[in-house]
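What follows is the content of target_35.txt, which has compact mmCIF, C-alpha atoms:
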# COMPACT_ATOMS: atom_id res chain seq x y z
CA MET I 1 0.00 0.00 0.00
CA SER I 2 1.25 3.44 -0.78
CA PHE I 3 -0.31 5.39 2.03
CA PRO I 4 1.91 8.10 3.43
CA ARG I 5 3.94 6.89 6.38
CA GLU I 6 2.10 9.13 8.84
CA PHE I 7 -1.17 7.62 7.80
CA ARG I 8 0.06 4.07 8.37
CA ASP I 9 1.46 4.96 11.78
CA TYR I 10 -1.86 6.35 12.86
CA ARG I 11 -4.00 3.64 11.26
CA LYS I 12 -4.82 1.86 14.52
CA PHE I 13 -5.56 5.20 16.12
CA LEU I 14 -7.87 6.25 13.29
CA VAL I 15 -9.70 2.93 13.42
CA ALA I 16 -10.15 3.38 17.17
CA LEU I 17 -11.54 6.88 16.62
CA VAL I 18 -14.06 5.64 14.04
CA VAL I 19 -15.15 2.78 16.32
CA MET I 20 -15.63 5.24 19.21
CA ALA I 21 -17.62 7.57 16.96
CA LEU I 22 -19.90 4.71 15.91
CA LEU I 23 -20.38 3.67 19.54
CA SER I 24 -21.08 7.19 20.79
CA PRO I 25 -24.89 6.99 20.38
CA LEU I 26 -24.73 4.60 23.35
CA GLY I 27 -24.25 7.79 25.34
CA LEU I 28 -27.60 8.86 23.97
CA TYR I 29 -29.50 5.59 24.52
CA MET I 30 -28.08 4.38 27.86
CA PRO I 31 -29.33 7.29 29.98
CA ARG I 32 -32.83 6.77 28.55
CA ILE I 33 -32.82 3.03 29.17
CA LEU I 34 -31.64 3.56 32.74
CA LYS I 35 -34.00 6.51 33.26
CA ALA I 36 -31.20 8.89 34.14
CA GLY I 37 -32.32 12.50 33.75
CA SER I 38 -30.39 15.55 32.61
CA ALA I 39 -27.13 16.53 34.27
CA TRP I 40 -27.80 18.37 37.53
CA GLY I 41 -28.69 21.97 36.77
CA GLU I 42 -29.00 21.42 33.02
CA TRP I 43 -32.77 21.10 33.03
CA GLY I 44 -34.95 22.59 30.35
CA VAL I 45 -38.00 24.65 31.31
CA ASN I 46 -40.33 21.63 31.13
CA GLU I 47 -38.02 19.52 33.28
CA ILE I 48 -37.63 22.14 36.00
CA ARG I 49 -41.41 22.60 36.05
CA LYS I 50 -41.77 18.91 36.88
CA ILE I 51 -38.98 18.90 39.48
CA ALA I 52 -39.56 22.21 41.28
CA GLY I 53 -43.31 22.48 40.71
CA TYR I 54 -43.03 25.71 38.72
CA ALA I 55 -41.00 27.19 35.89
CA PRO I 56 -38.77 30.05 37.09
CA ALA I 57 -39.85 33.21 35.25
CA GLY I 58 -36.34 34.16 34.15
CA MET I 59 -35.71 30.75 32.64
CA GLU I 60 -39.02 30.81 30.83
CA ARG I 61 -38.31 34.30 29.48
CA ASP I 62 -34.84 33.42 28.14
CA ALA I 63 -35.55 29.89 26.95
CA ASN I 64 -36.42 30.94 23.40
CA LEU I 65 -33.69 33.55 22.91
CA TRP I 66 -31.92 31.21 20.55
CA LYS I 67 -33.04 28.23 18.50
CA ALA I 68 -30.17 25.81 17.95
CA PRO I 69 -30.15 24.17 14.50
CA MET I 70 -29.28 20.74 15.96
CA PRO I 71 -30.80 20.84 19.45
CA ASP I 72 -29.24 18.37 21.93
CA TYR I 73 -27.04 16.92 19.16
CA GLY I 74 -30.14 15.60 17.43
CA PRO I 75 -32.25 16.33 14.34
CA PRO I 76 -34.05 19.68 14.18
CA SER I 77 -37.32 17.82 14.79
CA GLY I 78 -36.04 17.06 18.28
CA GLU I 79 -36.83 14.18 20.60
CA ASN I 80 -39.85 12.95 18.63
CA ALA I 81 -37.69 11.65 15.79
CA PRO I 82 -37.09 7.88 15.66
CA LEU I 83 -34.19 6.67 17.81
CA SER I 84 -32.12 5.47 14.85
CA ARG I 85 -32.36 8.91 13.26
CA GLN I 86 -31.36 10.52 16.52
CA GLY I 87 -28.34 8.21 16.69
CA ILE I 88 -27.23 9.15 13.19
CA PHE I 89 -27.60 12.83 13.99
CA TYR I 90 -25.67 12.31 17.21
CA ILE I 91 -22.66 11.04 15.24
CA LEU I 92 -23.16 13.69 12.56
CA SER I 93 -23.28 16.48 15.12
CA GLY I 94 -20.01 15.19 16.58
CA PHE I 95 -18.29 15.56 13.21
CA THR I 96 -19.97 18.92 12.60
CA GLY I 97 -18.74 20.10 15.99
CA ILE I 98 -15.16 19.01 15.25
CA LEU I 99 -15.20 20.75 11.85
CA VAL I 100 -16.71 23.99 13.15
CA CYS I 101 -14.42 24.10 16.21
CA GLY I 102 -11.35 23.41 14.08
CA GLY I 103 -12.44 25.86 11.39
CA GLY I 104 -13.34 28.50 13.96
CA ALA I 105 -10.00 28.15 15.73
CA TRP I 106 -8.15 28.29 12.41
CA LEU I 107 -9.99 31.43 11.31
CA LEU I 108 -9.46 33.06 14.70
CA GLY I 109 -5.76 32.22 14.51
CA ARG I 110 -5.45 33.63 11.00
CA TRP I 111 -7.28 36.79 11.99
CA LEU I 112 -5.14 37.30 15.11
CA ALA I 113 -1.91 36.58 13.22
CA GLY I 114 -2.95 38.95 10.43
CA LYS I 115 -3.56 41.78 12.88
CA LYS I 116 0.06 41.66 14.06
CA LYS I 117 1.53 42.43 10.65
CA MET R 118 -17.39 13.90 25.69
CA MET R 119 -20.33 12.36 23.89
CA PHE R 120 -20.30 9.18 25.96
CA ASN R 121 -22.86 10.10 28.56
CA ILE R 122 -22.55 8.04 31.69
CA PRO R 123 -25.90 7.42 33.34
CA LEU R 124 -26.39 7.20 37.09
CA PRO R 125 -29.52 5.02 36.93
CA GLY R 126 -32.68 6.84 37.91
CA ALA R 127 -30.82 10.04 38.67
CA THR R 128 -28.58 11.99 36.38
CA THR R 129 -25.98 11.81 33.63
CA GLY R 130 -22.46 13.07 33.19
CA HIS R 131 -19.48 12.73 30.93
CA ALA R 132 -15.75 13.37 30.81
CA VAL R 133 -14.68 16.92 29.97
CA GLY R 134 -10.98 16.69 29.15
CA GLY R 135 -10.15 20.16 30.44
CA VAL R 136 -7.13 19.04 32.45
CA LEU R 137 -5.95 16.77 29.67
CA ILE R 138 -5.91 19.70 27.25
CA ALA R 139 -4.16 21.88 29.84
CA ILE R 140 -1.39 19.31 30.29
CA VAL R 141 -0.92 18.99 26.53
CA VAL R 142 -1.10 22.63 25.39
CA GLY R 143 -0.86 24.58 28.65
CA PRO R 144 -3.67 26.19 30.66
CA TRP R 145 -4.04 29.29 28.45
CA GLY R 146 -4.31 27.22 25.30
CA ALA R 147 -6.92 25.11 27.08
CA PHE R 148 -8.80 28.26 28.12
CA LEU R 149 -8.99 29.40 24.51
CA SER R 150 -9.79 26.07 22.85
CA ILE R 151 -12.41 24.97 25.39
CA SER R 152 -14.08 28.39 25.20
CA ILE R 153 -14.39 28.01 21.42
CA ALA R 154 -15.93 24.56 21.88
CA LEU R 155 -18.39 25.83 24.51
CA VAL R 156 -19.55 28.72 22.33
CA ILE R 157 -20.14 26.38 19.40
CA GLN R 158 -21.92 23.85 21.62
CA ALA R 159 -24.32 26.59 22.72
CA LEU R 160 -24.91 28.06 19.25
CA LEU R 161 -25.17 24.87 17.23
CA PHE R 162 -26.50 22.31 19.67
CA GLY R 163 -28.30 24.36 22.32
CA ASP R 164 -26.09 22.73 24.95
CA GLY R 165 -25.57 25.06 27.90
CA GLY R 166 -27.39 27.83 26.05
CA ILE R 167 -26.19 31.25 24.98
CA THR R 168 -27.03 32.91 28.31
CA ALA R 169 -24.80 30.38 30.11
CA ILE R 170 -21.71 30.79 27.91
CA GLY R 171 -19.98 33.11 30.36
CA ALA R 172 -20.50 30.87 33.37
CA ASN R 173 -19.62 27.76 31.37
CA CYS R 174 -16.36 29.27 30.15
CA LEU R 175 -15.46 30.41 33.66
CA ASN R 176 -16.02 26.95 35.15
CA ILE R 177 -15.03 24.57 32.38
CA ALA R 178 -12.51 26.58 30.35
CA PHE R 179 -10.85 28.53 33.18
CA VAL R 180 -11.25 26.91 36.62
CA MET R 181 -10.85 23.34 35.42
CA PRO R 182 -7.69 23.64 33.29
CA PHE R 183 -5.90 25.98 35.69
CA VAL R 184 -6.68 24.02 38.86
CA GLY R 185 -5.88 20.75 37.09
CA TYR R 186 -2.67 22.03 35.52
CA PHE R 187 -1.29 23.36 38.80
CA ALA R 188 -2.44 20.25 40.65
CA TYR R 189 -0.47 18.24 38.10
CA ILE R 190 2.67 20.36 38.51
CA ILE R 191 2.43 20.30 42.32
CA ILE R 192 1.82 16.53 42.50
CA ALA R 193 4.71 15.82 40.15
CA LYS R 194 7.04 18.18 42.12
CA VAL R 195 6.06 17.06 45.61
CA VAL R 196 6.26 13.35 44.87
CA GLY R 197 9.30 13.90 42.67
CA ILE R 198 7.92 11.97 39.73
CA SER R 199 10.23 11.28 36.83
CA SER R 200 8.73 8.22 35.14
CA GLY R 201 6.15 8.49 32.40
CA LYS R 202 3.80 6.15 34.22
CA GLY R 203 4.04 8.28 37.35
CA LYS R 204 3.28 11.40 35.35
CA ALA R 205 0.24 9.75 33.78
CA ILE R 206 -1.04 8.86 37.27
CA ALA R 207 -0.37 12.43 38.43
CA ALA R 208 -2.33 13.64 35.40
CA GLY R 209 -5.24 11.37 36.35
CA ILE R 210 -5.32 12.71 39.92
CA ALA R 211 -5.10 16.26 38.54
CA GLY R 212 -8.06 15.45 36.28
CA TRP R 213 -10.07 14.48 39.35
CA PHE R 214 -9.08 17.75 41.11
CA GLY R 215 -9.79 19.92 38.09
CA LEU R 216 -13.23 18.48 37.45
CA ASN R 217 -14.24 18.81 41.09
CA ALA R 218 -13.01 22.40 41.27
CA ALA R 219 -15.16 23.19 38.22
CA ALA R 220 -18.13 21.33 39.75
CA LEU R 221 -17.76 23.29 43.01
CA ALA R 222 -17.61 26.61 41.15
CA THR R 223 -20.71 25.63 39.20
CA ALA R 224 -22.54 24.51 42.35
CA VAL R 225 -21.77 27.83 44.09
CA GLU R 226 -23.01 29.77 41.06
CA PHE R 227 -26.23 27.73 41.06
CA GLY R 228 -26.59 27.98 44.82
CA ILE R 229 -26.39 31.78 45.02
CA GLN R 230 -29.08 32.26 42.36
CA PRO R 231 -32.03 32.07 44.80
CA LEU R 232 -30.23 34.63 47.01
CA LEU R 233 -29.77 37.01 44.07
CA HIS R 234 -32.95 36.53 42.10
CA THR R 235 -36.10 35.61 43.99
CA GLY R 236 -39.45 37.17 43.15
CA ALA R 237 -41.86 38.74 45.66
CA ASP R 238 -43.90 35.54 45.49
CA GLY R 239 -40.92 33.58 46.87
CA ARG R 240 -40.34 31.85 43.56
CA ALA R 241 -36.83 31.77 42.17
CA PHE R 242 -36.32 33.73 38.97
CA TYR R 243 -33.60 31.37 37.72
CA ALA R 244 -32.10 28.29 39.39
CA PRO R 245 -34.27 27.52 42.42
CA TYR R 246 -31.94 25.49 44.65
CA PRO R 247 -29.90 27.10 47.46
CA LEU R 248 -26.25 26.33 48.28
CA SER R 249 -27.32 23.69 50.82
CA VAL R 250 -28.90 21.68 47.99
CA ALA R 251 -26.67 22.59 45.04
CA ILE R 252 -23.29 21.82 46.64
CA PRO R 253 -24.08 18.31 47.95
CA ALA R 254 -25.98 17.41 44.77
CA MET R 255 -23.15 18.49 42.48
CA MET R 256 -20.21 17.39 44.61
CA LEU R 257 -21.33 13.88 45.59
CA GLU R 258 -21.68 12.70 41.98
CA HIS R 259 -18.54 14.49 40.83
CA LEU R 260 -16.31 13.44 43.75
CA ILE R 261 -17.33 9.80 43.57
CA VAL R 262 -18.23 9.05 39.95
CA PHE R 263 -17.54 11.68 37.30
CA GLY R 264 -14.24 12.79 38.84
CA VAL R 265 -12.98 9.21 38.74
CA VAL R 266 -14.05 8.86 35.09
CA GLU R 267 -12.34 12.15 34.28
CA GLY R 268 -9.17 11.01 36.04
CA LEU R 269 -9.11 7.70 34.19
CA VAL R 270 -9.62 9.34 30.80
CA THR R 271 -6.99 12.00 31.55
CA GLY R 272 -4.38 9.51 32.78
CA LEU R 273 -4.96 6.99 29.98
CA VAL R 274 -4.77 9.57 27.20
CA VAL R 275 -1.61 11.13 28.64
CA ARG R 276 -0.10 7.63 28.80
CA TYR R 277 -1.13 7.01 25.19
CA LEU R 278 0.36 10.31 24.05
CA GLN R 279 3.65 9.54 25.82
CA GLN R 280 3.98 6.29 23.93
CA SER R 281 2.80 7.54 20.55
CA ARG R 282 4.53 9.62 17.95
CA SER R 283 2.67 12.56 19.44
CA ALA R 284 4.88 12.55 22.55
CA TRP R 285 6.43 15.85 21.45
CA MET R 286 3.10 17.48 22.26
CA LEU R 287 3.63 16.82 25.95
CA THR R 288 6.80 18.88 26.22
CA PRO R 289 7.57 20.15 28.72
CA ALA R 290 4.69 19.53 31.06
CA GLY R 291 4.15 15.83 30.64
CA GLU R 292 7.04 14.45 28.66
CA ASP R 293 8.02 10.87 29.29
CA THR R 294 11.52 11.13 30.71
CA VAL R 295 12.00 7.38 30.45
CA GLU R 296 12.78 7.61 26.75

Once more with this new file: its structure as structure tokens, please.
Amino acid sequence: MSFPREFRDYRKFLVALVVMALLSPLGLYMPRILKAGSAWGEWGVNEIRKIAGYAPAGMERDANLWKAPMPDYGPPSGENAPLSRQGIFYILSGFTGILVCGGGAWLLGRWLAGKKK
Amino acid sequence: MMFNIPLPGATTGHAVGGVLIAIVVGPWGAFLSISIALVIQALLFGDGGITAIGANCLNIAFVMPFVGYFAYIIIAKVVGISSGKGKAIAAGIAGWFGLNAAALATAVEFGIQPLLHTGADGRAFYAPYPLSVAIPAMMLEHLIVFGVVEGLVTGLVVRYLQQSRSAWMLTPAGEDTVE
């Protein structure tokens, strides 16, 4: 095979990364199966209403300030989408996040470096 | 970070990696890179939310890497660690410290909300739980479960980096002096 040497050296590592990416929807399904709720303090308005008995006014006011395009790393249709679709979006949002973070950091770096000249 | 770990019937958590990043690129690099990730998480995925970006960056991008980084340096100095394995263990313990420092900061921020913002009707305007609820709730799960997970991930990845061709990344903070 005529892969570049770097690529061969990292082959095991890349395979491991892909396997982990494919397994990551487990992090989506397991909490549901085991009935584990949101992380402490990360409740949405509906959740806090159930837990505390009322929705704090400030939270309710600010809840719709911003509509995320892929809410909770899922499809725009949210939690009503079939589980398999949610799993695919979970993986997809991981890759999107990596690309946008990397791209954002790169652009920021270029901008900051350009300002020095 | 996408492997959520469920505590059955209660809550979920996941590793953060803040101390790991601090050991690899230094605490200021961690501050910058984690802040970028947190902003994008809020904008794209509605995780944390745009009104929480400031608090999130303070806790996860500032407190965690700095506490963890200095914990790592202090542990390595005090114990006089020179082996790579020892440094990886020190990194794991630092991961535990860093995550718990961030969790404590978060718990305090939650806990003072009812003091700061409570309506005339006695209802909280934002987070409703006082310090006496927020601190035990946050700290128990982080001290016992999530901190241990964070430590394991931090230590194992540092060990992997020492043994891989990426070992140069760990200079000078975590380099494997065995080589």

(request) Using all atoms listed in the file, find the residues of chain I whose closest atom to chain R is at most 7 Å away, then write them as a ChimeraX atom specification. (result) /I:24,26-28,30-31,34-40,56-59,68-73,101

(message) Calculated over all atoms listed in the file, which of the candidates R:Val274, R:Leu232, R:Met181, R:Ala169 has the smallest distance to Phe13 in chain I?
(response) R:Val274

(message) Between CA of Ile140 in chain R and CA of Ala220 in chain R, what distance in Å does the model show, to one decimal?
(response)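 Computing the Euclidean distance for CA of Ile140 in chain R and CA of Ala220 in chain R yields 19.3 Å.
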
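Of the listed residues I:Phe89, I:Gly94, I:Ala105, I:Ile33, the one whose atoms come nearest to Ser77 in chain I is I:Phe89, with distances taken using all atoms listed in the file.
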
(message) One number please: CA of Pro76 in chain I to CA of Ala63 in chain I, in Å, one decimal.
(response)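 Rounded to one decimal, the two atoms are 16.4 Å apart.
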
(request) Go through R:Leu269, R:Leu257, R:Ala207, R:Leu221 one by one, measure the shortest atom-to-atom distance of each to Tyr189 in chain R using only C-alpha atoms, and give the residue with the smallest value. (result) R:Ala207

Put the listed atoms of range 216-223 of chain R in a box along x, y and z with 6 Å added on every side and give me the centre and edge lengths in Å to one decimal, as JSON.
{"center_x": -16.9, "center_y": 22.5, "center_z": 40.2, "size_x": 19.7, "size_y": 20.1, "size_z": 17.6}

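Interatomic distance, CA of Val136 in chain R to CA of Val262 in chain R: 16.7 Å.
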